[in-house]
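Undergrad: Got a structure for you, written out below as C-alpha coordinates; questions coming shortly.
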Amino acid sequence: MKRALVLAGGGSKGAYEVGFIKALDELNIDFSIVTGTSIGALNGCLLAQGDKESLENLWKTLDVTQVFKDGFSPDFSFDLEKMLNQSNLALSFFKHYIKEKSADITPLKNIMKSLLDEDKLRVSSIDFGLCTVRYPSLKPLFITKNEMEKGHVLDYLIASASCFPIFPIHTFLGQSYIDGGYYDNVPIDLAFSMGADEVIVVDMNKDITHRHYLNRPHVIYTSPYLNLGGFMDFSRESLDRNMRIGYQTAMKTFGHLKGVEYTFQPFESQLLQSFYREILYLERLLRKLLRNDSGGNLVYKFMESHKDQPLEEEDYLYVGLDWLAQIENRDPSYIYQYDLFVLDVLKDFKKYIDEDYQMISLRSSEDIMKSFKDLNRKSMIGRMLHALIYPHEEKLDIEKLLILFPKEYIIAKLLFMLYNEHKQKTPA
(Lines give C-alpha, C1' and ligand atoms only; values in the text may rest on other atoms or scores of the structure.)
Protein backbone atom coordinates (compact mmCIF):
# COMPACT_ATOMS: atom_id res chain seq x y z
CA MET A 1 0.00 0.00 0.00
CA LYS A 2 1.32 3.44 -0.95
CA ARG A 3 0.75 5.99 1.80
CA ALA A 4 0.98 9.74 1.09
CA LEU A 5 1.48 12.68 3.39
CA VAL A 6 -0.27 15.88 2.26
CA LEU A 7 1.08 19.14 3.71
CA ALA A 8 -0.93 22.36 3.55
CA GLY A 9 0.34 25.86 2.95
CA GLY A 10 0.25 28.44 5.70
CA GLY A 11 3.43 30.51 5.98
CA SER A 12 4.84 30.57 9.50
CA LYS A 13 2.21 28.02 10.55
CA GLY A 14 4.45 25.46 8.82
CA ALA A 15 5.97 24.92 12.28
CA TYR A 16 2.80 22.93 13.07
CA GLU A 17 3.66 20.45 10.31
CA VAL A 18 7.13 19.90 11.76
CA GLY A 19 5.61 18.90 15.10
CA PHE A 20 3.18 16.61 13.28
CA ILE A 21 6.03 14.99 11.30
CA LYS A 22 8.05 14.48 14.49
CA ALA A 23 5.15 12.52 15.97
CA LEU A 24 4.81 10.37 12.84
CA ASP A 25 8.51 9.60 13.07
CA GLU A 26 8.19 8.52 16.70
CA LEU A 27 5.23 6.32 15.76
CA ASN A 28 7.18 4.75 12.85
CA ILE A 29 4.50 5.83 10.37
CA ASP A 30 6.17 6.12 6.99
CA PHE A 31 5.01 7.16 3.54
CA SER A 32 6.17 6.83 -0.05
CA ILE A 33 4.59 10.04 -1.41
CA VAL A 34 4.66 13.61 -0.11
CA THR A 35 2.69 16.48 -1.65
CA GLY A 36 2.56 20.08 -0.50
CA THR A 37 1.65 23.64 -1.29
CA SER A 38 3.64 26.76 -0.37
CA ILE A 39 5.38 26.17 2.98
CA GLY A 40 4.01 22.63 2.84
CA ALA A 41 5.99 22.13 -0.37
CA LEU A 42 9.22 23.29 1.29
CA ASN A 43 8.64 21.10 4.35
CA GLY A 44 7.63 18.21 2.10
CA CYS A 45 10.72 18.57 -0.09
CA LEU A 46 13.08 18.32 2.89
CA LEU A 47 11.10 15.36 4.15
CA ALA A 48 11.20 13.62 0.76
CA GLN A 49 14.95 14.05 0.46
CA GLY A 50 15.37 12.46 3.91
CA ASP A 51 16.44 15.53 5.89
CA LYS A 52 14.07 15.41 8.88
CA GLU A 53 16.75 16.70 11.23
CA SER A 54 17.47 19.70 9.01
CA LEU A 55 13.75 20.39 8.76
CA GLU A 56 13.31 20.40 12.54
CA ASN A 57 16.43 22.52 13.10
CA LEU A 58 15.20 25.06 10.56
CA TRP A 59 11.98 25.69 12.47
CA LYS A 60 13.66 25.66 15.86
CA THR A 61 15.96 28.52 14.83
CA LEU A 62 13.88 30.42 12.27
CA ASP A 63 12.95 34.06 12.79
CA VAL A 64 11.61 36.83 10.59
CA THR A 65 15.10 38.15 9.69
CA GLN A 66 15.67 34.86 7.86
CA VAL A 67 12.57 35.47 5.77
CA PHE A 68 12.60 39.18 4.86
CA LYS A 69 15.53 41.42 4.01
CA ASP A 70 16.43 44.64 5.85
CA GLY A 71 14.66 46.58 8.51
CA PHE A 72 12.53 43.94 10.11
CA SER A 73 12.85 43.13 13.80
CA PRO A 74 12.88 39.46 14.91
CA ASP A 75 9.79 40.35 16.96
CA PHE A 76 7.87 41.67 13.95
CA SER A 77 5.16 39.21 12.96
CA PHE A 78 3.24 41.08 10.23
CA ASP A 79 0.23 41.17 12.50
CA LEU A 80 -1.72 44.29 11.46
CA GLU A 81 -2.03 45.60 15.00
CA LYS A 82 1.71 45.19 15.62
CA MET A 83 2.47 46.82 12.30
CA LEU A 84 0.40 49.86 13.18
CA ASN A 85 2.10 50.05 16.57
CA GLN A 86 5.58 49.94 15.00
CA SER A 87 5.30 52.77 12.50
CA ASN A 88 8.97 52.67 11.50
CA LEU A 89 8.65 49.03 10.44
CA ALA A 90 5.35 49.64 8.71
CA LEU A 91 6.82 52.57 6.77
CA SER A 92 9.82 50.48 5.73
CA PHE A 93 7.63 47.63 4.56
CA PHE A 94 5.17 49.72 2.57
CA LYS A 95 7.86 51.83 0.93
CA HIS A 96 9.41 48.65 -0.38
CA TYR A 97 6.02 47.21 -1.32
CA ILE A 98 5.10 50.31 -3.38
CA LYS A 99 8.47 50.22 -5.12
CA GLU A 100 8.82 46.49 -5.68
CA LYS A 101 5.18 45.38 -5.38
CA SER A 102 6.30 42.88 -2.71
CA ALA A 103 8.72 42.31 0.15
CA ASP A 104 12.28 41.18 -0.44
CA ILE A 105 12.52 37.51 0.60
CA THR A 106 16.14 36.96 -0.44
CA PRO A 107 17.01 35.52 3.02
CA LEU A 108 14.28 32.88 2.68
CA LYS A 109 15.42 31.97 -0.83
CA ASN A 110 18.98 31.57 0.44
CA ILE A 111 17.82 29.25 3.20
CA MET A 112 15.83 27.17 0.74
CA LYS A 113 18.83 26.96 -1.56
CA SER A 114 21.14 25.86 1.26
CA LEU A 115 18.76 23.12 2.42
CA LEU A 116 17.77 21.74 -0.97
CA ASP A 117 19.80 18.82 -2.30
CA GLU A 118 18.27 18.22 -5.72
CA ASP A 119 20.30 15.09 -6.45
CA LYS A 120 19.35 13.60 -3.10
CA LEU A 121 15.68 14.42 -3.70
CA ARG A 122 15.66 12.81 -7.16
CA VAL A 123 17.16 9.49 -6.00
CA SER A 124 14.98 9.31 -2.87
CA SER A 125 12.45 6.48 -2.72
CA ILE A 126 9.86 9.03 -1.60
CA ASP A 127 8.04 10.68 -4.48
CA PHE A 128 7.34 14.40 -4.18
CA GLY A 129 4.90 16.79 -5.83
CA LEU A 130 3.67 20.33 -5.33
CA CYS A 131 1.07 22.84 -6.46
CA THR A 132 1.71 26.32 -7.84
CA VAL A 133 -0.30 28.73 -10.01
CA ARG A 134 0.70 30.24 -13.34
CA TYR A 135 0.50 34.02 -13.59
CA PRO A 136 -1.35 35.89 -15.05
CA SER A 137 -3.54 33.05 -16.39
CA LEU A 138 -4.13 31.73 -12.82
CA LYS A 139 -4.11 28.17 -14.13
CA PRO A 140 -2.85 25.61 -11.61
CA LEU A 141 0.25 23.51 -12.10
CA PHE A 142 0.59 20.20 -10.27
CA ILE A 143 4.05 18.83 -10.81
CA THR A 144 6.14 15.95 -9.43
CA LYS A 145 9.88 15.87 -8.86
CA ASN A 146 10.41 13.71 -11.97
CA GLU A 147 8.59 16.26 -14.12
CA MET A 148 10.63 19.23 -12.89
CA GLU A 149 13.40 20.37 -15.24
CA LYS A 150 16.86 19.56 -13.92
CA GLY A 151 18.28 22.42 -11.90
CA HIS A 152 14.88 24.03 -11.32
CA VAL A 153 13.48 22.26 -8.24
CA LEU A 154 14.33 25.34 -6.18
CA ASP A 155 12.42 27.52 -8.65
CA TYR A 156 9.31 25.37 -8.29
CA LEU A 157 9.57 25.51 -4.47
CA ILE A 158 9.82 29.31 -4.57
CA ALA A 159 6.96 29.45 -7.10
CA SER A 160 4.69 27.37 -4.87
CA ALA A 161 5.42 29.71 -1.93
CA SER A 162 5.17 33.04 -3.80
CA CYS A 163 2.35 34.45 -1.73
CA PHE A 164 1.75 37.57 -3.80
CA PRO A 165 1.40 40.44 -2.98
CA ILE A 166 3.46 39.92 0.21
CA PHE A 167 6.00 37.73 -1.62
CA PRO A 168 7.08 38.57 -5.19
CA ILE A 169 5.86 36.76 -8.29
CA HIS A 170 8.49 34.22 -9.29
CA THR A 171 9.50 33.90 -12.94
CA PHE A 172 11.69 31.28 -14.58
CA LEU A 173 11.84 29.48 -17.93
CA GLY A 174 9.65 32.21 -19.41
CA GLN A 175 6.71 31.65 -17.05
CA SER A 176 5.60 33.55 -13.93
CA TYR A 177 4.07 31.85 -10.87
CA ILE A 178 2.30 32.71 -7.61
CA ASP A 179 1.46 30.72 -4.50
CA GLY A 180 -0.23 27.36 -5.06
CA GLY A 181 -2.67 28.21 -2.29
CA TYR A 182 -4.53 30.39 -4.75
CA TYR A 183 -5.78 27.15 -6.30
CA ASP A 184 -5.30 24.25 -3.88
CA ASN A 185 -3.75 24.81 -0.48
CA VAL A 186 -4.11 21.14 0.49
CA PRO A 187 -3.20 19.02 -2.58
CA ILE A 188 -4.95 15.74 -1.77
CA ASP A 189 -6.00 15.12 -5.37
CA LEU A 190 -2.35 15.37 -6.43
CA ALA A 191 -1.41 12.64 -3.93
CA PHE A 192 -4.04 10.28 -5.33
CA SER A 193 -3.02 11.05 -8.91
CA MET A 194 0.56 10.10 -7.93
CA GLY A 195 -0.65 6.64 -6.94
CA ALA A 196 -1.49 6.94 -3.26
CA ASP A 197 -3.75 4.26 -1.78
CA GLU A 198 -4.01 6.04 1.56
CA VAL A 199 -3.39 9.66 2.55
CA ILE A 200 -2.65 11.43 5.80
CA VAL A 201 -3.77 15.05 5.43
CA VAL A 202 -2.17 17.81 7.49
CA ASP A 203 -4.53 20.76 7.01
CA MET A 204 -3.52 23.87 8.99
CA ASN A 205 -6.87 25.60 8.64
CA LYS A 206 -9.10 25.20 11.69
CA ASP A 207 -12.06 25.43 9.31
CA ILE A 208 -11.38 22.36 7.20
CA THR A 209 -10.37 23.13 3.61
CA HIS A 210 -11.65 20.03 1.80
CA ARG A 211 -14.69 18.87 3.77
CA HIS A 212 -15.63 16.43 0.99
CA TYR A 213 -12.68 14.27 2.07
CA LEU A 214 -13.85 13.94 5.69
CA ASN A 215 -14.76 10.44 6.91
CA ARG A 216 -13.65 8.80 3.65
CA PRO A 217 -12.03 5.36 3.52
CA HIS A 218 -8.24 5.56 3.31
CA VAL A 219 -8.20 9.29 4.13
CA ILE A 220 -6.94 10.32 7.56
CA TYR A 221 -7.89 13.97 7.55
CA THR A 222 -6.41 16.07 10.34
CA SER A 223 -6.62 19.76 11.19
CA PRO A 224 -5.82 21.75 14.33
CA TYR A 225 -8.50 22.28 16.95
CA LEU A 226 -6.75 25.52 17.88
CA ASN A 227 -6.17 28.66 15.86
CA LEU A 228 -2.50 28.67 14.82
CA GLY A 229 -2.31 32.46 14.56
CA GLY A 230 -1.18 34.67 11.70
CA PHE A 231 0.60 33.16 8.71
CA MET A 232 3.37 35.77 8.99
CA ASP A 233 3.94 35.45 12.74
CA PHE A 234 7.54 34.26 13.03
CA SER A 235 7.88 35.01 16.75
CA ARG A 236 9.68 32.29 18.65
CA GLU A 237 6.76 31.87 21.02
CA SER A 238 4.31 31.27 18.18
CA LEU A 239 6.56 28.84 16.28
CA ASP A 240 7.27 26.75 19.38
CA ARG A 241 3.59 26.72 20.32
CA ASN A 242 2.54 25.54 16.88
CA MET A 243 5.15 22.79 16.86
CA ARG A 244 3.72 21.51 20.15
CA ILE A 245 0.17 21.62 18.79
CA GLY A 246 1.18 19.77 15.61
CA TYR A 247 2.87 17.04 17.65
CA GLN A 248 -0.14 16.67 19.93
CA THR A 249 -2.59 16.58 17.01
CA ALA A 250 -0.74 13.69 15.39
CA MET A 251 -0.42 11.80 18.66
CA LYS A 252 -4.17 12.21 19.33
CA THR A 253 -5.03 11.19 15.77
CA PHE A 254 -3.26 7.86 16.23
CA GLY A 255 -4.47 7.28 19.80
CA HIS A 256 -1.29 7.92 21.77
CA LEU A 257 -2.62 11.04 23.46
CA LYS A 258 -6.24 11.89 24.32
CA GLY A 259 -8.49 14.90 24.12
CA VAL A 260 -9.99 17.26 21.57
CA GLU A 261 -8.83 20.86 21.96
CA TYR A 262 -6.83 20.18 25.12
CA THR A 263 -4.46 17.24 25.32
CA PHE A 264 -4.18 14.59 28.02
CA GLN A 265 -1.99 11.62 28.73
CA PRO A 266 -4.11 8.44 28.35
CA PHE A 267 -6.14 7.85 31.51
CA GLU A 268 -8.80 5.62 33.03
CA SER A 269 -11.97 7.10 34.49
CA GLN A 270 -15.53 5.93 35.01
CA LEU A 271 -16.57 9.31 33.59
CA LEU A 272 -15.44 8.19 30.12
CA GLN A 273 -18.76 6.34 29.97
CA SER A 274 -20.94 7.90 32.68
CA PHE A 275 -20.60 11.51 31.49
CA TYR A 276 -22.09 10.62 28.10
CA ARG A 277 -25.01 8.89 29.81
CA GLU A 278 -25.58 12.04 31.89
CA ILE A 279 -25.67 14.12 28.70
CA LEU A 280 -28.30 11.79 27.20
CA TYR A 281 -30.42 12.15 30.34
CA LEU A 282 -30.17 15.96 30.28
CA GLU A 283 -31.06 15.96 26.58
CA ARG A 284 -34.22 13.99 27.20
CA LEU A 285 -35.15 16.33 30.01
CA LEU A 286 -34.54 19.45 27.92
CA ARG A 287 -36.55 18.12 24.98
CA LYS A 288 -39.42 17.40 27.35
CA LEU A 289 -39.25 20.91 28.80
CA LEU A 290 -39.02 22.66 25.44
CA ARG A 291 -41.39 20.24 23.70
CA ASN A 292 -39.23 20.09 20.59
CA ASP A 293 -36.19 18.25 19.28
CA SER A 294 -33.98 21.07 17.99
CA GLY A 295 -33.81 23.09 21.23
CA GLY A 296 -32.98 19.99 23.22
CA ASN A 297 -30.06 18.83 21.13
CA LEU A 298 -27.24 19.15 23.66
CA VAL A 299 -25.14 16.72 21.65
CA TYR A 300 -24.96 19.34 18.90
CA LYS A 301 -23.05 21.60 21.30
CA PHE A 302 -20.47 18.84 21.61
CA MET A 303 -20.36 18.23 17.88
CA GLU A 304 -19.71 21.94 17.28
CA SER A 305 -16.55 21.54 19.33
CA HIS A 306 -15.71 18.38 17.37
CA LYS A 307 -16.07 19.99 13.92
CA ASP A 308 -19.32 18.12 13.28
CA GLN A 309 -17.40 14.86 13.03
CA PRO A 310 -18.73 11.66 14.65
CA LEU A 311 -18.09 11.43 18.39
CA GLU A 312 -17.11 8.34 20.32
CA GLU A 313 -18.51 7.85 23.81
CA GLU A 314 -15.36 9.16 25.51
CA ASP A 315 -15.24 12.28 23.30
CA TYR A 316 -18.06 13.82 25.34
CA LEU A 317 -15.83 13.84 28.39
CA TYR A 318 -12.93 15.29 26.40
CA VAL A 319 -15.11 18.14 25.08
CA GLY A 320 -16.46 18.73 28.60
CA LEU A 321 -12.89 18.95 29.89
CA ASP A 322 -12.17 21.46 27.10
CA TRP A 323 -15.02 23.68 28.27
CA LEU A 324 -13.80 23.45 31.85
CA ALA A 325 -10.19 24.21 30.87
CA GLN A 326 -11.37 27.24 28.89
CA ILE A 327 -13.20 28.57 31.95
CA GLU A 328 -9.93 28.10 33.83
CA ASN A 329 -7.91 29.85 31.10
CA ARG A 330 -5.53 26.88 30.86
CA ASP A 331 -2.92 26.82 28.08
CA PRO A 332 -4.16 24.38 25.38
CA SER A 333 -0.70 23.84 23.88
CA TYR A 334 0.57 21.63 26.71
CA ILE A 335 -0.05 18.00 27.63
CA TYR A 336 -1.97 17.47 30.87
CA GLN A 337 -2.16 14.58 33.31
CA TYR A 338 -5.80 13.92 34.09
CA ASP A 339 -5.57 13.36 37.87
CA LEU A 340 -3.40 16.44 38.40
CA PHE A 341 -5.66 18.52 36.16
CA VAL A 342 -8.72 17.48 38.18
CA LEU A 343 -6.96 18.19 41.47
CA ASP A 344 -5.93 21.68 40.31
CA VAL A 345 -9.43 22.50 39.05
CA LEU A 346 -11.06 21.37 42.29
CA LYS A 347 -8.62 23.56 44.22
CA ASP A 348 -9.66 26.51 42.04
CA PHE A 349 -13.31 25.85 42.92
CA LYS A 350 -12.54 25.17 46.60
CA LYS A 351 -14.64 28.01 48.00
CA TYR A 352 -17.72 26.65 46.24
CA ILE A 353 -17.01 23.11 47.47
CA ASP A 354 -16.82 24.36 51.08
CA GLU A 355 -20.03 23.57 52.94
CA ASP A 356 -19.93 26.99 54.63
CA TYR A 357 -20.13 28.88 51.33
CA GLN A 358 -23.03 31.31 51.48
CA MET A 359 -25.43 30.36 48.71
CA ILE A 360 -28.03 32.58 47.09
CA SER A 361 -31.24 30.83 46.16
CA LEU A 362 -31.28 29.14 42.77
CA ARG A 363 -34.86 28.02 43.06
CA SER A 364 -36.98 30.38 40.97
CA SER A 365 -36.27 31.94 37.57
CA GLU A 366 -36.26 35.36 39.23
CA ASP A 367 -33.74 34.22 41.86
CA ILE A 368 -31.56 32.60 39.22
CA MET A 369 -31.43 35.67 36.99
CA LYS A 370 -30.89 37.97 39.96
CA SER A 371 -28.10 35.77 41.29
CA PHE A 372 -26.29 35.40 37.96
CA LYS A 373 -26.83 38.88 36.54
CA ASP A 374 -23.51 40.31 37.71
CA LEU A 375 -21.49 37.09 37.90
CA ASN A 376 -18.79 35.84 35.55
CA ARG A 377 -19.22 32.34 34.15
CA LYS A 378 -16.85 30.74 36.66
CA SER A 379 -18.80 32.14 39.61
CA MET A 380 -22.05 31.05 38.01
CA ILE A 381 -20.75 27.51 37.56
CA GLY A 382 -19.32 27.49 41.08
CA ARG A 383 -22.72 28.32 42.58
CA MET A 384 -24.34 25.53 40.60
CA LEU A 385 -21.62 23.16 41.81
CA HIS A 386 -22.22 24.08 45.44
CA ALA A 387 -25.95 23.44 45.06
CA LEU A 388 -25.24 20.03 43.49
CA ILE A 389 -22.90 19.02 46.32
CA TYR A 390 -25.21 20.24 49.10
CA PRO A 391 -28.77 19.69 47.86
CA HIS A 392 -30.09 19.76 51.45
CA GLU A 393 -29.20 23.46 51.66
CA GLU A 394 -31.02 24.58 48.54
CA LYS A 395 -32.77 22.39 46.01
CA LEU A 396 -31.39 23.21 42.56
CA ASP A 397 -33.95 23.93 39.87
CA ILE A 398 -32.31 21.87 37.14
CA GLU A 399 -35.10 22.51 34.67
CA LYS A 400 -34.79 26.28 34.72
CA LEU A 401 -30.97 26.17 34.69
CA LEU A 402 -30.97 23.82 31.69
CA ILE A 403 -33.21 26.19 29.76
CA LEU A 404 -31.38 29.39 30.74
CA PHE A 405 -27.75 28.22 31.00
CA PRO A 406 -27.38 24.74 29.44
CA LYS A 407 -23.61 24.82 28.84
CA GLU A 408 -22.81 26.27 32.27
CA TYR A 409 -24.98 23.65 33.94
CA ILE A 410 -23.23 20.86 32.02
CA ILE A 411 -19.84 22.16 33.18
CA ALA A 412 -21.10 22.34 36.78
CA LYS A 413 -22.41 18.79 36.49
CA LEU A 414 -19.04 17.63 35.15
CA LEU A 415 -17.29 19.31 38.09
CA PHE A 416 -19.69 17.55 40.46
CA MET A 417 -18.87 14.19 38.88
CA LEU A 418 -15.12 14.93 39.01
CA TYR A 419 -15.51 15.90 42.68
CA ASN A 420 -17.24 12.60 43.51
CA GLU A 421 -14.68 10.59 41.54
CA HIS A 422 -11.84 12.33 43.37
CA LYS A 423 -13.48 11.60 46.75
CA GLN A 424 -13.70 7.91 45.86
CA LYS A 425 -10.02 7.81 44.99
CA THR A 426 -8.89 9.75 48.06
CA PRO A 427 -8.50 7.77 51.32
CA ALA A 428 -10.73 9.07 54.12
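Residues are named by chain letter and number: chains run A, B, ... in the order of the C-alpha coordinates, numbers start at 1 in each chain, and ligands are numbered from 1 in the order shown.
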As JSON, numbers by chain, please: every residue in region 9-73 of chain A that DSSP puts in alpha helix (DSSP H).

TA: {"A": [14, 15, 16, 17, 18, 19, 20, 21, 22, 23, 24, 25, 26, 39, 40, 41, 42, 43, 44, 45, 46, 47, 48, 52, 53, 54, 55, 56, 57, 58, 59, 60, 61]}

Undergrad: Write out as a VMD selection string all residues of region 22-243 of chain A that DSSP puts in strand (DSSP E or B) for this structure's backbone.

TA: chain A and resid 33 to 37 127 to 135 140 to 144 170 to 172 175 to 179 198 to 202 219 to 222

Undergrad: Which value, in Å to one decimal, gives the distance between CA of Ser333 (chain A) and CA of Tyr262 (chain A)?

TA: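 Those two atoms sit 7.2 Å apart.
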
Undergrad: Just the residues within 12 Å of Lys350 (chain A), please, counting only C-alpha atoms, with nothing from its chain fewer than 6 positions along; format it as a PyMOL selection string.

TA: chain A and resi 343-344+356-357+379+382-383+385-386+415+419

Undergrad: Pull N, CA, C and O atoms from the residues just selected and write them as a short mmCIF file (atom, residue, chain, number, x, y, z; two decimals), in the first residue's frame.

TA:
```cif
data_model
loop_
_atom_site.label_atom_id
_atom_site.label_comp_id
_atom_site.auth_asym_id
_atom_site.auth_seq_id
_atom_site.Cartn_x
_atom_site.Cartn_y
_atom_site.Cartn_z
N LEU A 343 -7.32 17.69 40.15
CA LEU A 343 -6.96 18.19 41.47
C LEU A 343 -6.80 19.71 41.45
O LEU A 343 -7.30 20.42 42.34
N ASP A 344 -6.13 20.23 40.42
CA ASP A 344 -5.93 21.68 40.31
C ASP A 344 -7.25 22.42 40.13
O ASP A 344 -7.47 23.48 40.73
N ASP A 356 -19.57 25.72 54.00
CA ASP A 356 -19.93 26.99 54.63
C ASP A 356 -20.13 28.12 53.63
O ASP A 356 -20.41 29.26 54.02
N TYR A 357 -19.94 27.83 52.34
CA TYR A 357 -20.13 28.88 51.33
C TYR A 357 -21.57 29.38 51.39
O TYR A 357 -22.51 28.60 51.46
N SER A 379 -18.01 32.00 38.39
CA SER A 379 -18.80 32.14 39.61
C SER A 379 -20.16 31.49 39.46
O SER A 379 -20.68 30.84 40.39
N GLY A 382 -19.65 27.84 39.71
CA GLY A 382 -19.32 27.49 41.08
C GLY A 382 -20.55 27.42 41.96
O GLY A 382 -20.68 26.52 42.81
N ARG A 383 -21.49 28.33 41.80
CA ARG A 383 -22.72 28.32 42.58
C ARG A 383 -23.57 27.10 42.26
O ARG A 383 -24.18 26.49 43.14
N LEU A 385 -22.35 24.28 41.22
CA LEU A 385 -21.62 23.16 41.81
C LEU A 385 -21.94 23.02 43.29
O LEU A 385 -22.18 21.91 43.79
N HIS A 386 -21.93 24.13 44.01
CA HIS A 386 -22.22 24.08 45.44
C HIS A 386 -23.62 23.50 45.69
O HIS A 386 -23.81 22.66 46.59
N LEU A 415 -18.08 19.05 36.89
CA LEU A 415 -17.29 19.31 38.09
C LEU A 415 -17.78 18.47 39.27
O LEU A 415 -16.99 17.94 40.06
N TYR A 419 -15.64 15.79 41.22
CA TYR A 419 -15.51 15.90 42.68
C TYR A 419 -15.80 14.55 43.34
O TYR A 419 -15.06 14.09 44.21
#
```

Undergrad: What does the structure give for the distance between CA of Ser125 (chain A) and CA of Asp25 (chain A), in Å to one decimal?

TA: 16.6 Å

Undergrad: Go through region 202-227 of chain A and flag each residue having an atom no more than 7 Å from region 237-261 of chain A; for those, report the closest pair of atoms plus their distance in Å to one decimal, using only C-alpha atoms, ordered by chain and rising number, as JSON lines.

TA:
```
{"residue": "A:Pro224", "atom": "CA", "partner": "A:Thr249", "partner_atom": "CA", "distance": 6.7}
{"residue": "A:Tyr225", "atom": "CA", "partner": "A:Glu261", "partner_atom": "CA", "distance": 5.2}
{"residue": "A:Leu226", "atom": "CA", "partner": "A:Glu261", "partner_atom": "CA", "distance": 6.5}
```

Undergrad: Name the closest residue to Val153 (chain A) among the candidates A:Phe416, A:Tyr338, A:Phe172, A:Phe405; distances are taken between atoms, counting only C-alpha atoms.

TA: A:Phe172

Undergrad: Name all residues at most 7 Å from Ile200 (chain A) (count only C-alpha atoms; drop same-chain ones fewer than 3 positions away) and give them as a CSV table (one decimal) with N, CA, C and O atoms, in the first residue's frame.

TA:
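New file around.csv:
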```csv
chain,number,residue,atom,x,y,z
A,4,ALA,N,0.5,8.4,1.4
A,4,ALA,CA,1.0,9.7,1.1
A,4,ALA,C,0.7,10.7,2.3
A,4,ALA,O,-0.2,10.5,3.0
A,5,LEU,N,1.6,11.6,2.4
A,5,LEU,CA,1.5,12.7,3.4
A,5,LEU,C,1.2,14.0,2.6
A,5,LEU,O,2.0,14.3,1.7
A,6,VAL,N,0.1,14.7,2.9
A,6,VAL,CA,-0.3,15.9,2.3
A,6,VAL,C,-0.1,17.1,3.2
A,6,VAL,O,-0.7,17.1,4.3
A,219,VAL,N,-8.6,7.9,4.0
A,219,VAL,CA,-8.2,9.3,4.1
A,219,VAL,C,-8.2,9.6,5.6
A,219,VAL,O,-9.3,9.6,6.3
A,220,ILE,N,-7.1,9.9,6.2
A,220,ILE,CA,-6.9,10.3,7.6
A,220,ILE,C,-6.8,11.8,7.5
A,220,ILE,O,-5.7,12.3,7.2
A,221,TYR,N,-7.9,12.5,7.7
A,221,TYR,CA,-7.9,14.0,7.6
A,221,TYR,C,-7.7,14.6,8.9
A,221,TYR,O,-8.6,14.5,9.8
```

Undergrad: Figure out the distance between CA of Thr171 (chain A) and CA of Ser137 (chain A), please, to one decimal in Å.

TA: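 Taking CA of Ser137 (chain A) and CA of Thr171 (chain A), their separation equals 13.5 Å.
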